[in-house]
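Novice: Just one file: structure13.cif, with mmCIF, C-alpha atoms.
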data_start
#
loop_
_atom_site.label_atom_id
_atom_site.label_comp_id
_atom_site.auth_asym_id
_atom_site.auth_seq_id
_atom_site.Cartn_x
_atom_site.Cartn_y
_atom_site.Cartn_z
CA MET P 1 123.09 110.57 87.60
CA GLY P 2 124.29 107.27 89.00
CA ARG P 3 123.45 104.42 91.28
CA PHE P 4 125.55 103.65 94.28
CA ALA P 5 126.08 100.39 96.16
CA ARG P 6 126.63 100.89 99.87
CA THR P 7 130.06 99.75 100.95
CA GLY P 8 130.96 97.67 104.01
CA ALA P 9 133.47 100.28 105.06
CA MET P 10 130.67 102.45 106.39
CA VAL P 11 129.44 99.92 108.94
CA GLY P 12 130.93 99.13 112.36
CA VAL P 13 130.42 95.47 111.59
CA LEU P 14 128.19 93.67 109.10
CA VAL P 15 125.63 95.67 107.19
CA LEU P 16 123.28 94.13 104.72
CA THR P 17 121.14 96.60 102.84
CA ALA P 18 118.21 96.91 100.52
CA SER P 19 118.92 98.74 97.29
CA LEU P 20 116.98 101.79 96.21
CA ALA P 21 115.97 102.62 92.70
CA LEU P 22 117.17 106.16 93.16
CA THR P 23 119.74 108.00 91.20
CA GLY P 24 121.98 110.94 91.66
CA CYS P 25 125.27 112.24 90.43
CA GLY P 26 127.49 109.79 92.32
CA ASP P 27 128.38 106.18 91.77
CA ASP P 28 128.95 104.96 95.37
CA GLN P 29 126.31 103.81 96.84
CA LYS P 30 102.65 99.83 134.30
CA LYS P 31 99.85 96.75 138.16
CA PRO P 32 102.32 97.40 140.88
CA ALA P 33 101.46 93.94 142.24
CA PHE P 34 104.14 92.34 140.11
CA VAL P 35 107.11 92.85 137.92
CA ALA P 36 105.87 92.28 134.43
CA GLY P 37 107.55 90.25 131.76
CA ALA P 38 106.63 86.65 132.58
CA GLN P 39 105.75 84.58 129.54
CA GLN P 40 102.89 82.15 129.15
CA GLY P 41 103.58 79.05 131.22
CA ASP P 42 106.05 80.87 133.45
CA GLY P 43 105.51 82.24 136.94
CA VAL P 44 105.26 79.04 139.04
CA PRO P 45 106.81 79.63 142.48
CA THR P 46 110.13 77.88 142.46
CA THR P 47 111.20 77.97 146.12
CA SER P 48 109.59 76.73 149.29
CA PRO P 49 107.84 79.31 151.48
CA ASP P 50 110.03 81.08 153.99
CA THR P 51 109.77 79.04 157.21
CA THR P 52 112.23 81.06 159.22
CA GLY P 53 111.15 83.07 162.21
CA ASP P 54 108.23 82.36 164.52
CA PRO P 55 106.61 79.05 163.40
CA SER P 56 103.26 80.30 164.71
CA GLU P 57 103.31 82.94 161.97
CA PRO P 58 102.12 82.08 158.44
CA ALA P 59 104.92 81.49 155.91
CA LEU P 60 105.56 84.11 153.30
CA PRO P 61 104.92 82.95 149.73
CA ALA P 62 107.96 82.91 147.47
CA LEU P 63 108.46 84.99 144.39
CA ALA P 64 107.42 83.43 141.11
CA VAL P 65 110.40 83.74 138.79
CA SER P 66 110.39 83.73 135.01
CA PRO P 67 111.67 81.75 133.17
CA ALA P 68 109.96 78.99 135.13
CA ASP P 69 112.08 76.42 136.88
CA GLY P 70 113.01 73.56 134.59
CA SER P 71 112.21 75.35 131.35
CA ASP P 72 114.48 74.71 128.41
CA LYS P 73 115.20 75.96 124.90
CA ARG P 74 115.07 79.52 126.08
CA PRO P 75 116.40 82.24 123.73
CA VAL P 76 119.77 83.69 124.65
CA SER P 77 117.98 87.05 124.67
CA THR P 78 115.97 85.92 127.73
CA GLU P 79 115.36 88.50 130.45
CA ILE P 80 114.62 87.65 134.12
CA SER P 81 111.36 88.78 135.74
CA ALA P 82 109.38 87.91 138.88
CA ARG P 83 105.93 88.28 140.43
CA ILE P 84 105.61 89.18 144.11
CA PRO P 85 102.33 87.89 145.63
CA GLY P 86 100.35 90.83 146.89
CA GLY P 87 102.55 93.27 145.04
CA GLY P 88 105.95 94.74 145.57
CA LYS P 89 109.23 95.51 143.87
CA VAL P 90 112.20 93.45 142.77
CA SER P 91 115.46 94.75 144.22
CA LYS P 92 118.10 92.24 143.13
CA VAL P 93 118.70 89.56 140.53
CA VAL P 94 121.63 87.17 140.54
CA LEU P 95 122.08 85.02 137.46
CA THR P 96 124.76 82.33 137.39
CA ALA P 97 125.78 79.88 134.71
CA ALA P 98 126.38 76.17 135.30
CA ASP P 99 130.09 76.82 135.74
CA GLY P 100 129.39 79.29 138.53
CA ALA P 101 130.12 82.40 136.53
CA THR P 102 127.93 85.35 137.45
CA VAL P 103 126.21 87.22 134.64
CA ALA P 104 126.19 91.01 134.76
CA GLY P 105 122.95 92.84 134.06
CA ARG P 106 120.62 95.68 134.97
CA LEU P 107 116.99 96.15 135.96
CA ARG P 108 114.86 98.11 133.57
CA ARG P 109 113.82 101.47 134.95
CA ASP P 110 110.14 100.42 134.91
CA GLY P 111 110.96 97.26 136.90
CA SER P 112 109.56 94.98 134.22
CA SER P 113 112.62 92.75 133.95
CA TRP P 114 116.35 92.32 134.46
CA VAL P 115 118.43 92.43 131.31
CA PRO P 116 121.74 90.58 131.02
CA SER P 117 124.51 92.87 129.80
CA ALA P 118 125.53 90.41 127.11
CA PRO P 119 123.77 87.56 125.31
CA LEU P 120 123.48 84.34 127.29
CA LYS P 121 125.41 81.36 125.97
CA TYR P 122 123.70 78.80 123.82
CA ALA P 123 122.82 75.38 125.28
CA THR P 124 123.76 76.46 128.80
CA ARG P 125 122.03 75.98 132.16
CA TYR P 126 121.44 79.10 134.26
CA THR P 127 120.06 79.72 137.75
CA ALA P 128 118.32 83.00 138.58
CA THR P 129 117.84 84.09 142.19
CA VAL P 130 115.53 87.06 142.62
CA THR P 131 115.02 89.16 145.75
CA GLY P 132 112.16 91.57 146.23
CA THR P 133 110.17 93.45 148.84
CA GLY P 134 106.41 93.08 149.15
CA THR P 135 103.99 95.87 149.84
CA ASP P 136 103.98 94.61 153.45
CA GLY P 137 107.68 95.47 153.70
CA GLN P 138 108.74 91.82 153.92
CA THR P 139 111.64 90.50 151.85
CA ARG P 140 110.95 87.53 149.63
CA GLN P 141 113.14 85.45 147.39
CA GLY P 142 112.66 83.00 144.57
CA SER P 143 114.84 81.06 142.19
CA SER P 144 114.62 79.25 138.92
CA SER P 145 116.91 77.15 136.75
CA PHE P 146 116.52 77.06 132.98
CA THR P 147 118.48 76.05 129.90
CA THR P 148 119.02 78.07 126.77
CA MET P 149 118.44 76.75 123.27
CA ALA P 150 121.06 75.50 120.86
CA LYS P 151 122.37 77.97 118.34
CA PRO P 152 119.78 78.38 115.59
CA LYS P 153 120.64 77.85 111.95
CA SER P 154 118.53 80.64 110.47
CA MET P 155 119.50 84.14 111.46
CA ILE P 156 118.96 87.66 110.20
CA GLY P 157 121.74 89.95 109.13
CA SER P 158 122.07 93.19 111.05
CA GLY P 159 124.16 96.33 111.15
CA LEU P 160 124.77 99.47 113.16
CA TYR P 161 125.91 102.66 111.49
CA MET P 162 128.04 103.96 114.35
CA PHE P 163 131.64 103.42 115.41
CA SER P 164 132.88 103.52 119.01
CA GLY P 165 135.26 106.36 119.68
CA LYS P 166 134.11 108.47 116.74
CA THR P 167 132.73 112.01 116.85
CA TYR P 168 129.63 112.77 114.78
CA GLY P 169 127.50 115.76 113.85
CA VAL P 170 124.44 116.89 115.80
CA ALA P 171 122.04 115.22 113.34
CA MET P 172 123.64 111.77 113.48
CA PRO P 173 120.80 109.28 113.90
CA VAL P 174 121.30 105.85 115.37
CA VAL P 175 120.72 103.65 112.35
CA ALA P 176 119.96 99.94 112.75
CA GLU P 177 119.71 97.81 109.64
CA PHE P 178 118.30 94.33 109.05
CA SER P 179 118.28 91.82 106.23
CA PRO P 180 115.73 90.51 105.67
CA GLY P 181 113.54 93.26 107.13
CA ILE P 182 111.92 92.74 110.54
CA PRO P 183 108.26 91.61 110.14
CA LYS P 184 105.83 94.21 111.43
CA LYS P 185 104.46 91.86 114.13
CA ASP P 186 107.98 91.49 115.59
CA ARG P 187 109.08 95.10 115.62
CA ALA P 188 107.82 95.94 119.14
CA ALA P 189 109.80 93.03 120.63
CA VAL P 190 112.88 93.94 118.65
CA GLN P 191 112.58 97.63 119.49
CA LYS P 192 112.36 96.79 123.18
CA ARG P 193 115.81 95.27 122.85
CA MET P 194 117.39 98.28 121.13
CA PHE P 195 118.85 100.43 123.90
CA VAL P 196 120.02 104.04 123.55
CA GLN P 197 121.37 106.13 126.41
CA THR P 198 122.60 109.72 126.17
CA ASP P 199 124.69 111.88 128.47
CA PRO P 200 123.38 114.48 129.13
CA PRO P 201 120.00 112.69 129.03
CA GLN P 202 117.83 113.52 126.02
CA PRO P 203 114.58 111.76 125.14
CA GLY P 204 114.20 110.06 121.80
CA ALA P 205 112.24 107.55 119.75
CA TRP P 206 112.67 104.86 117.10
CA HIS P 207 111.13 105.04 113.65
CA TRP P 208 110.86 102.03 111.33
CA LEU P 209 110.97 102.26 107.59
CA TYR P 210 107.96 100.65 105.94
CA ASN P 211 109.77 97.45 104.94
CA GLY P 212 111.49 96.91 108.30
CA THR P 213 114.99 96.98 106.83
CA GLN P 214 116.01 100.04 108.82
CA ALA P 215 115.10 101.79 112.06
CA TYR P 216 116.30 105.27 113.04
CA TYR P 217 116.63 106.71 116.56
CA ARG P 218 116.71 110.47 117.12
CA ALA P 219 115.68 113.13 119.63
CA PRO P 220 112.95 115.75 119.04
CA GLU P 221 115.71 118.24 118.19
CA TYR P 222 119.30 117.84 117.14
CA TRP P 223 121.60 116.33 119.77
CA LYS P 224 123.21 118.74 122.21
CA PRO P 225 126.86 119.36 121.31
CA GLY P 226 129.15 117.24 123.46
CA THR P 227 126.56 114.48 124.00
CA THR P 228 127.78 110.92 124.52
CA ILE P 229 125.58 108.32 122.85
CA THR P 230 125.74 104.68 123.97
CA VAL P 231 123.91 102.15 121.85
CA ARG P 232 123.28 98.43 122.25
CA LEU P 233 121.26 96.44 119.76
CA ALA P 234 120.72 93.44 122.06
CA LEU P 235 119.31 91.18 119.38
CA ALA P 236 121.39 88.00 119.57
CA GLY P 237 119.01 85.02 119.69
CA ILE P 238 115.79 87.03 119.69
CA PRO P 239 113.12 84.86 118.00
CA LEU P 240 111.15 86.24 115.06
CA SER P 241 107.88 85.10 113.55
CA ASN P 242 109.55 84.12 110.29
CA GLY P 243 111.57 81.37 111.97
CA ARG P 244 114.75 83.41 112.09
CA TYR P 245 116.67 84.68 115.09
CA GLY P 246 118.77 87.72 115.77
CA ASN P 247 122.38 87.07 114.90
CA VAL P 248 124.56 89.13 117.26
CA ASP P 249 124.55 92.01 119.71
CA ARG P 250 126.01 95.23 118.35
CA SER P 251 127.13 98.21 120.39
CA ALA P 252 128.90 101.54 120.11
CA THR P 253 129.71 104.58 122.23
CA ALA P 254 130.30 107.81 120.34
CA LYS P 255 130.43 111.55 120.86
CA ILE P 256 128.55 114.44 119.28
CA GLY P 257 130.71 117.38 118.28
CA ARG P 258 130.00 121.05 117.76
CA ALA P 259 126.80 122.30 116.12
CA PHE P 260 127.35 122.64 112.37
CA GLU P 261 124.57 123.02 109.83
CA MET P 262 124.23 123.77 106.13
CA LYS P 263 121.14 125.28 104.51
CA VAL P 264 120.71 125.51 100.73
CA ASP P 265 118.06 127.64 99.03
CA ASN P 266 117.38 126.85 95.40
CA ALA P 267 115.84 130.31 94.89
CA THR P 268 119.11 132.05 95.66
CA LYS P 269 121.39 129.13 94.86
CA GLN P 270 123.34 129.85 98.00
CA MET P 271 124.46 127.63 100.87
CA THR P 272 124.49 129.30 104.30
CA VAL P 273 126.82 127.61 106.77
CA TYR P 274 126.19 127.85 110.53
CA GLU P 275 128.55 126.89 113.32
CA ASN P 276 127.23 126.96 116.91
CA GLY P 277 124.30 129.04 115.65
CA ALA P 278 126.30 131.74 113.90
CA VAL P 279 126.69 132.21 110.15
CA VAL P 280 130.29 131.52 109.21
CA ARG P 281 130.12 131.54 105.42
CA THR P 282 127.79 131.76 102.44
CA LEU P 283 128.71 129.74 99.38
CA PRO P 284 127.30 129.87 95.83
CA VAL P 285 126.08 126.49 94.59
CA SER P 286 124.73 124.79 91.53
CA LEU P 287 122.05 122.15 92.13
CA GLY P 288 120.52 119.50 89.92
CA LYS P 289 119.13 120.58 86.55
CA LYS P 290 115.41 120.02 85.86
CA SER P 291 115.93 116.57 84.36
CA THR P 292 118.01 115.43 87.35
CA PRO P 293 116.86 117.63 90.27
CA SER P 294 118.40 117.65 93.72
CA SER P 295 116.26 116.32 96.58
CA SER P 296 114.57 118.81 98.90
CA GLY P 297 114.62 117.84 102.56
CA THR P 298 116.98 117.49 105.49
CA MET P 299 119.80 115.08 104.79
CA VAL P 300 122.86 114.06 106.76
CA VAL P 301 126.46 113.73 105.69
CA MET P 302 126.89 109.95 105.54
CA GLU P 303 130.39 109.54 104.22
CA LYS P 304 133.34 111.67 103.18
CA LYS P 305 135.91 110.98 100.48
CA GLU P 306 138.63 113.46 99.68
CA SER P 307 138.87 111.97 96.23
CA THR P 308 136.72 109.42 94.40
CA VAL P 309 135.47 108.52 90.94
CA PHE P 310 131.85 108.80 89.86
CA ASP P 311 131.10 106.09 87.32
CA THR P 312 127.55 106.25 86.00
CA ARG P 313 127.94 104.15 82.87
CA ASP P 314 125.11 101.84 84.04
CA GLU P 315 122.59 104.68 83.77
CA PRO P 316 119.90 104.07 81.10
CA ASP P 317 120.08 107.64 79.83
CA PRO P 318 123.23 108.13 77.73
CA ASP P 319 123.29 111.81 78.71
CA ASN P 320 123.85 110.75 82.32
CA GLN P 321 126.68 108.32 81.64
CA TYR P 322 130.15 109.47 82.59
CA VAL P 323 133.31 108.64 84.50
CA THR P 324 134.65 111.62 86.44
CA LYS P 325 137.21 112.12 89.19
CA ILE P 326 135.60 114.04 92.07
CA ASP P 327 137.26 115.92 94.92
CA PHE P 328 135.90 116.65 98.43
CA ALA P 329 132.85 114.40 98.05
CA GLN P 330 130.33 114.16 100.91
CA ARG P 331 127.54 111.62 100.45
CA LEU P 332 123.95 112.72 101.25
CA THR P 333 121.78 109.93 99.74
CA TRP P 334 122.06 106.30 98.73
CA GLY P 335 120.91 107.38 95.30
CA GLY P 336 124.11 109.28 94.64
CA GLU P 337 123.61 112.89 95.76
CA TYR P 338 126.70 114.52 97.19
CA ILE P 339 128.18 117.84 98.11
CA HIS P 340 131.36 118.06 96.08
CA ALA P 341 133.77 120.36 94.36
CA ALA P 342 132.87 120.98 90.72
CA PRO P 343 135.38 123.29 89.06
CA TRP P 344 133.61 122.84 85.70
CA SER P 345 130.47 124.58 87.04
CA GLU P 346 132.14 127.41 88.96
CA GLY P 347 131.09 129.92 86.30
CA VAL P 348 127.37 129.30 86.92
CA GLN P 349 127.43 128.52 90.65
CA GLY P 350 125.03 130.92 92.38
CA ARG P 351 123.16 131.48 89.10
CA ALA P 352 122.09 128.23 87.43
CA ASN P 353 121.57 124.53 88.11
CA VAL P 354 123.58 122.20 85.93
CA SER P 355 124.41 119.16 88.09
CA HIS P 356 123.05 115.62 88.01
CA GLY P 357 121.49 116.09 91.47
CA CYS P 358 124.51 116.99 93.56
CA VAL P 359 125.30 120.22 95.40
CA ASN P 360 128.17 121.69 93.42
CA VAL P 361 130.59 124.12 95.04
CA SER P 362 133.90 125.57 93.89
CA MET P 363 137.15 123.76 94.47
CA ALA P 364 138.19 126.25 97.17
CA ASN P 365 134.82 126.10 98.92
CA GLY P 366 134.72 122.31 98.59
CA ARG P 367 138.09 122.03 100.29
CA TRP P 368 137.05 124.44 103.09
CA LEU P 369 133.71 122.70 103.68
CA PHE P 370 135.27 119.23 103.63
CA GLY P 371 137.67 120.33 106.35
CA LYS P 372 134.81 121.59 108.53
CA THR P 373 132.17 118.86 108.35
CA LEU P 374 131.61 115.64 110.28
CA VAL P 375 129.62 112.60 109.33
CA GLY P 376 126.22 113.34 110.88
CA ASP P 377 126.17 117.05 110.05
CA PRO P 378 122.80 118.15 108.63
CA ILE P 379 122.14 119.84 105.32
CA THR P 380 118.69 121.11 104.35
CA VAL P 381 117.88 121.78 100.71
CA ARG P 382 114.74 123.74 99.84
CA GLY P 383 112.85 124.64 96.71
CA THR P 384 113.79 121.93 94.21
CA GLU P 385 111.50 119.87 91.99
CA ARG P 386 111.90 116.64 93.99
CA ARG P 387 111.19 115.66 97.60
CA LEU P 388 113.64 113.50 99.50
CA GLU P 389 112.50 109.88 99.42
CA PRO P 390 112.21 108.19 102.88
CA GLY P 391 115.11 105.81 103.28
CA ASN P 392 117.19 107.42 100.55
CA GLY P 393 119.99 108.11 102.99
CA TRP P 394 119.60 108.77 106.69
CA THR P 395 116.28 110.57 106.37
CA ALA P 396 115.36 110.65 110.10
CA TRP P 397 115.28 114.46 110.11
CA SER P 398 113.26 114.96 106.95
CA MET P 399 109.98 114.70 108.88
CA SER P 400 108.43 116.43 111.89
CA TRP P 401 108.74 114.91 115.37
CA SER P 402 105.02 114.01 115.34
CA GLN P 403 105.49 112.22 112.03
CA PHE P 404 108.62 110.52 113.26
CA VAL P 405 107.07 108.97 116.39
CA GLU P 406 104.26 107.51 114.28
CA GLY P 407 106.88 105.11 112.97
CA SER P 408 107.61 103.64 116.42
CA ALA P 409 106.48 100.08 117.12
CA LEU P 410 105.95 101.00 120.80
CA PRO P 411 104.03 103.91 122.38
CA VAL P 412 106.16 107.03 122.77
CA PRO P 413 105.49 109.35 125.74
CA GLU P 414 104.95 112.98 124.87
CA GLY P 415 108.34 114.51 124.38
CA GLY P 416 110.08 111.19 123.78
CA GLN P 417 111.27 108.07 125.53
CA GLY P 418 114.00 108.19 128.15
CA SER P 419 116.67 105.60 128.89
CA PRO P 420 115.31 102.10 129.66
CA PHE P 421 117.74 101.81 132.60
#
I'd like the structure from this file rewritten - as structure tokens, please.

Specialist:
Amino acid sequence: MGRFARTGAMVGVLVLTASLALTGCGDDQKKPAFVAGAQQGDGVPTTSPDTTGDPSEPALPALAVSPADGSDKRPVSTEISARIPGGGKVSKVVLTAADGATVAGRLRRDGSSWVPSAPLKYATRYTATVTGTGTDGQTRQGSSSFTTMAKPKSMIGSGLYMFSGKTYGVAMPVVAEFSPGIPKKDRAAVQKRMFVQTDPPQPGAWHWLYNGTQAYYRAPEYWKPGTTITVRLALAGIPLSNGRYGNVDRSATAKIGRAFEMKVDNATKQMTVYENGAVVRTLPVSLGKKSTPSSSGTMVVMEKKESTVFDTRDEPDPDNQYVTKIDFAQRLTWGGEYIHAAPWSEGVQGRANVSHGCVNVSMANGRWLFGKTLVGDPITVRGTERRLEPGNGWTAWSMSWSQFVEGSALPVPEGGQGSPF
């Protein structure tokens, strides 16, 4: 058994994590009258009524744009919204900086606001011009100038466990990580700024761990093979109740590969391997002995190392202290559970459990399996003495869909949430 400290090599950028007191055999670690979104104090009409046309006709009231004209110290995560008197729909937003540069962005699908495609600059003046059509069919326009805040001194740390250009397994969750954890009262606002789009479209949901240090995004079922996942954690400058602000935006675009799944039954001590729904091989295994049982639940391959060293000399139990070279290691938990080759247990694989919590396979089977798997491939272990602890690895799939959506900070439509754009 051993403890494992997560390494920076696993994260696209910065990842700051909370440690787990878990051990294993490894050492590595919708009113249609307006577009919603205006904040308190915003929404004052910022242009004169439209006086064009027949002067005998009453002037059309302007849109009320948010942020309000003249506002300052706005977060760089600010979105643009507008209210159309009498109701209607916003059709266009143009946001320009003081230097005349135009900011790219998109309207949310629900029309609630316009989201810049990148964080706004600190201490910069912007002008937003919004065009919309009222329920009377008349076009209205409004504008507002505001200034963003200076760069804050106190920020959170954040991470995204996904690399652009990589191909992952069908169970790969989107994993966002925060240090310190996001306070519960702030999670809805933060979640609203965490964007996931899939092609082909598949609904999904976010689930927060109890301490707010991680949030997982997944679909009701495993991703369809060949899916493209595009993620943006648009958190730069977002204000939190603890006086901190989001540090940076993080993004990634990745692919999902073929369907590959491993299922381990402690009763038979066999691993059944499926590829695209068909059984391709059955492997004998040895799981954790009673004093150091393997975790039962659905885990995900998190990391692969063709060769590594397990050093568990910091374990309190002398019987669990060792330094051993390991081949074809595939991490499943933060607490140190792996799939790996174990030539020393080949004689009992398929018959007895002798490991410190890992899934032992033969050297030949370890090499074959290592060559087949991707980070994000699922493995389900059943029938052991210990349940998988939430957060001990990427545990998004070790709960039912109904249980998973209970962890969302925002309401989730039946079947899951679609793209925000």

Novice: Would you please work out which residue, of P:Asp186, P:Ile229, P:Gly137, P:Cys358, is nearest to Trp208 in chain P when using all atoms listed in the file?

Specialist: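 Using all atoms listed in the file, the shortest distance to Trp208 in chain P belongs to P:Asp186.
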
Novice: Near Gln138 in chain P, counting all atoms listed in the file, which residues have an atom at most 10 Å away, once you skip same-chain residues fewer than 3 positions from it, shown as a PyMOL selection string?

Specialist: chain P and resi 60+88+132-135

Novice: Kindly export the residues of the current selection with C-alpha atoms, as a short mmCIF file (atom, residue, chain, number, x, y, z; two decimals), in the coordinates of the input.

Specialist:
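Now in result10.cif:
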data_model
loop_
_atom_site.label_atom_id
_atom_site.label_comp_id
_atom_site.auth_asym_id
_atom_site.auth_seq_id
_atom_site.Cartn_x
_atom_site.Cartn_y
_atom_site.Cartn_z
CA LEU P 60 105.56 84.11 153.30
CA GLY P 88 105.95 94.74 145.57
CA GLY P 132 112.16 91.57 146.23
CA THR P 133 110.17 93.45 148.84
CA GLY P 134 106.41 93.08 149.15
CA THR P 135 103.99 95.87 149.84
#

Novice: Please determine, counting only C-alpha atoms, which residue among P:Val412, P:Leu63, P:Val280, P:Met149 has the shortest atom-to-atom distance to Gly204 in chain P.

Specialist: P:Val412

Novice: Build an axis-aligned box that encloses every atom of range 228-242 of chain P listed in the file, pad it by 5 Å on each side, and report its centre and edge lengths in Å to one decimal, as AutoDock Vina command-line options.

Specialist:
--center_x 117.8 --center_y 97.5 --center_z 117.4 --size_x 29.9 --size_y 36.8 --size_z 24.2

Novice: Quick check, in Å to one decimal: how far apart do CA of Ser113 in chain P and CA of Pro239 in chain P lie?

Specialist: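 CA of Pro239 in chain P lies at a distance of 17.8 Å from CA of Ser113 in chain P.
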
Novice: Can you work out which one of P:Val130, P:Val301, P:Ala64, P:Ala252 has the shortest atom-to-atom distance to Val90 in chain P, counting all atoms listed in the file?

Specialist: P:Val130

Novice: Starting from the PyMOL selection byres ((chain P and resi 141) around 8), expand the selection into actual residues of this file and give them as a VMD selection string.

Specialist: chain P and resid 47 62 to 63 129 to 132 139 to 140 142 to 143

Novice: Step by step, work through what the PyMOL selection byres ((chain P and resi 357) around 9) selects in the shown file, and finish by giving those residues as a list in words.

Specialist: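 Selected by the PyMOL selection byres ((chain P and resi 357) around 9) here: Met1, Thr23, Gly24, Cys25, Gly26, Leu287, Gly288, Lys289, Thr292, Pro293, Ser294, Ser295, Gly336, Glu337, Tyr338, Val354, Ser355, His356, Cys358, Val359 and Asn360 of chain P.
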
Novice: As a PDB file, keeping the file's coordinate frame, could you write out range 211-231 of chain P once it has been completed with N, CA and C atoms?

Specialist:
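Contents of part-v4.pdb, freshly written:
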ATOM      1  N   ASN P 211     109.441  98.848 105.212  1.00  0.00           N
ATOM      2  CA  ASN P 211     109.770  97.450 104.940  1.00  0.00           C
ATOM      3  C   ASN P 211     110.572  96.778 106.052  1.00  0.00           C
ATOM      4  N   GLY P 212     110.814  97.493 107.139  1.00  0.00           N
ATOM      5  CA  GLY P 212     111.490  96.910 108.300  1.00  0.00           C
ATOM      6  C   GLY P 212     112.969  96.676 108.110  1.00  0.00           C
ATOM      7  N   THR P 213     113.558  97.185 107.039  1.00  0.00           N
ATOM      8  CA  THR P 213     114.990  96.980 106.830  1.00  0.00           C
ATOM      9  C   THR P 213     115.849  97.946 107.630  1.00  0.00           C
ATOM     10  N   GLN P 214     115.273  99.078 108.023  1.00  0.00           N
ATOM     11  CA  GLN P 214     116.010 100.040 108.820  1.00  0.00           C
ATOM     12  C   GLN P 214     115.131 100.628 109.904  1.00  0.00           C
ATOM     13  N   ALA P 215     115.764 101.040 110.996  1.00  0.00           N
ATOM     14  CA  ALA P 215     115.100 101.790 112.060  1.00  0.00           C
ATOM     15  C   ALA P 215     116.049 102.897 112.487  1.00  0.00           C
ATOM     16  N   TYR P 216     115.503 104.115 112.621  1.00  0.00           N
ATOM     17  CA  TYR P 216     116.300 105.270 113.040  1.00  0.00           C
ATOM     18  C   TYR P 216     115.910 105.665 114.461  1.00  0.00           C
ATOM     19  N   TYR P 217     116.888 106.144 115.241  1.00  0.00           N
ATOM     20  CA  TYR P 217     116.630 106.710 116.560  1.00  0.00           C
ATOM     21  C   TYR P 217     117.161 108.132 116.572  1.00  0.00           C
ATOM     22  N   ARG P 218     116.309 109.066 117.005  1.00  0.00           N
ATOM     23  CA  ARG P 218     116.710 110.470 117.120  1.00  0.00           C
ATOM     24  C   ARG P 218     115.946 111.126 118.252  1.00  0.00           C
ATOM     25  N   ALA P 219     116.361 112.316 118.629  1.00  0.00           N
ATOM     26  CA  ALA P 219     115.680 113.130 119.630  1.00  0.00           C
ATOM     27  C   ALA P 219     114.711 114.078 118.930  1.00  0.00           C
ATOM     28  N   PRO P 220     113.834 114.775 119.680  1.00  0.00           N
ATOM     29  CA  PRO P 220     112.950 115.750 119.040  1.00  0.00           C
ATOM     30  C   PRO P 220     113.703 116.839 118.301  1.00  0.00           C
ATOM     31  N   GLU P 221     114.854 117.240 118.825  1.00  0.00           N
ATOM     32  CA  GLU P 221     115.710 118.240 118.190  1.00  0.00           C
ATOM     33  C   GLU P 221     117.089 117.618 117.998  1.00  0.00           C
ATOM     34  N   TYR P 222     117.944 118.332 117.308  1.00  0.00           N
ATOM     35  CA  TYR P 222     119.300 117.840 117.140  1.00  0.00           C
ATOM     36  C   TYR P 222     119.945 117.576 118.501  1.00  0.00           C
ATOM     37  N   TRP P 223     120.881 116.633 118.534  1.00  0.00           N
ATOM     38  CA  TRP P 223     121.600 116.330 119.770  1.00  0.00           C
ATOM     39  C   TRP P 223     122.324 117.569 120.289  1.00  0.00           C
ATOM     40  N   LYS P 224     122.445 117.659 121.607  1.00  0.00           N
ATOM     41  CA  LYS P 224     123.210 118.740 122.210  1.00  0.00           C
ATOM     42  C   LYS P 224     124.699 118.507 121.917  1.00  0.00           C
ATOM     43  N   PRO P 225     125.421 119.536 121.520  1.00  0.00           N
ATOM     44  CA  PRO P 225     126.860 119.360 121.310  1.00  0.00           C
ATOM     45  C   PRO P 225     127.530 118.783 122.557  1.00  0.00           C
ATOM     46  N   GLY P 226     128.447 117.872 122.359  1.00  0.00           N
ATOM     47  CA  GLY P 226     129.150 117.240 123.460  1.00  0.00           C
ATOM     48  C   GLY P 226     128.451 116.022 124.040  1.00  0.00           C
ATOM     49  N   THR P 227     127.297 115.648 123.503  1.00  0.00           N
ATOM     50  CA  THR P 227     126.560 114.480 124.000  1.00  0.00           C
ATOM     51  C   THR P 227     127.343 113.186 123.755  1.00  0.00           C
ATOM     52  N   THR P 228     127.278 112.282 124.722  1.00  0.00           N
ATOM     53  CA  THR P 228     127.780 110.920 124.520  1.00  0.00           C
ATOM     54  C   THR P 228     126.589 110.003 124.274  1.00  0.00           C
ATOM     55  N   ILE P 229     126.645 109.253 123.195  1.00  0.00           N
ATOM     56  CA  ILE P 229     125.580 108.320 122.850  1.00  0.00           C
ATOM     57  C   ILE P 229     126.102 106.892 123.013  1.00  0.00           C
ATOM     58  N   THR P 230     125.389 106.088 123.798  1.00  0.00           N
ATOM     59  CA  THR P 230     125.740 104.680 123.970  1.00  0.00           C
ATOM     60  C   THR P 230     124.597 103.831 123.453  1.00  0.00           C
ATOM     61  N   VAL P 231     124.914 102.961 122.526  1.00  0.00           N
ATOM     62  CA  VAL P 231     123.910 102.150 121.850  1.00  0.00           C
ATOM     63  C   VAL P 231     124.204 100.663 122.049  1.00  0.00           C
TER      64      VAL P 231
END
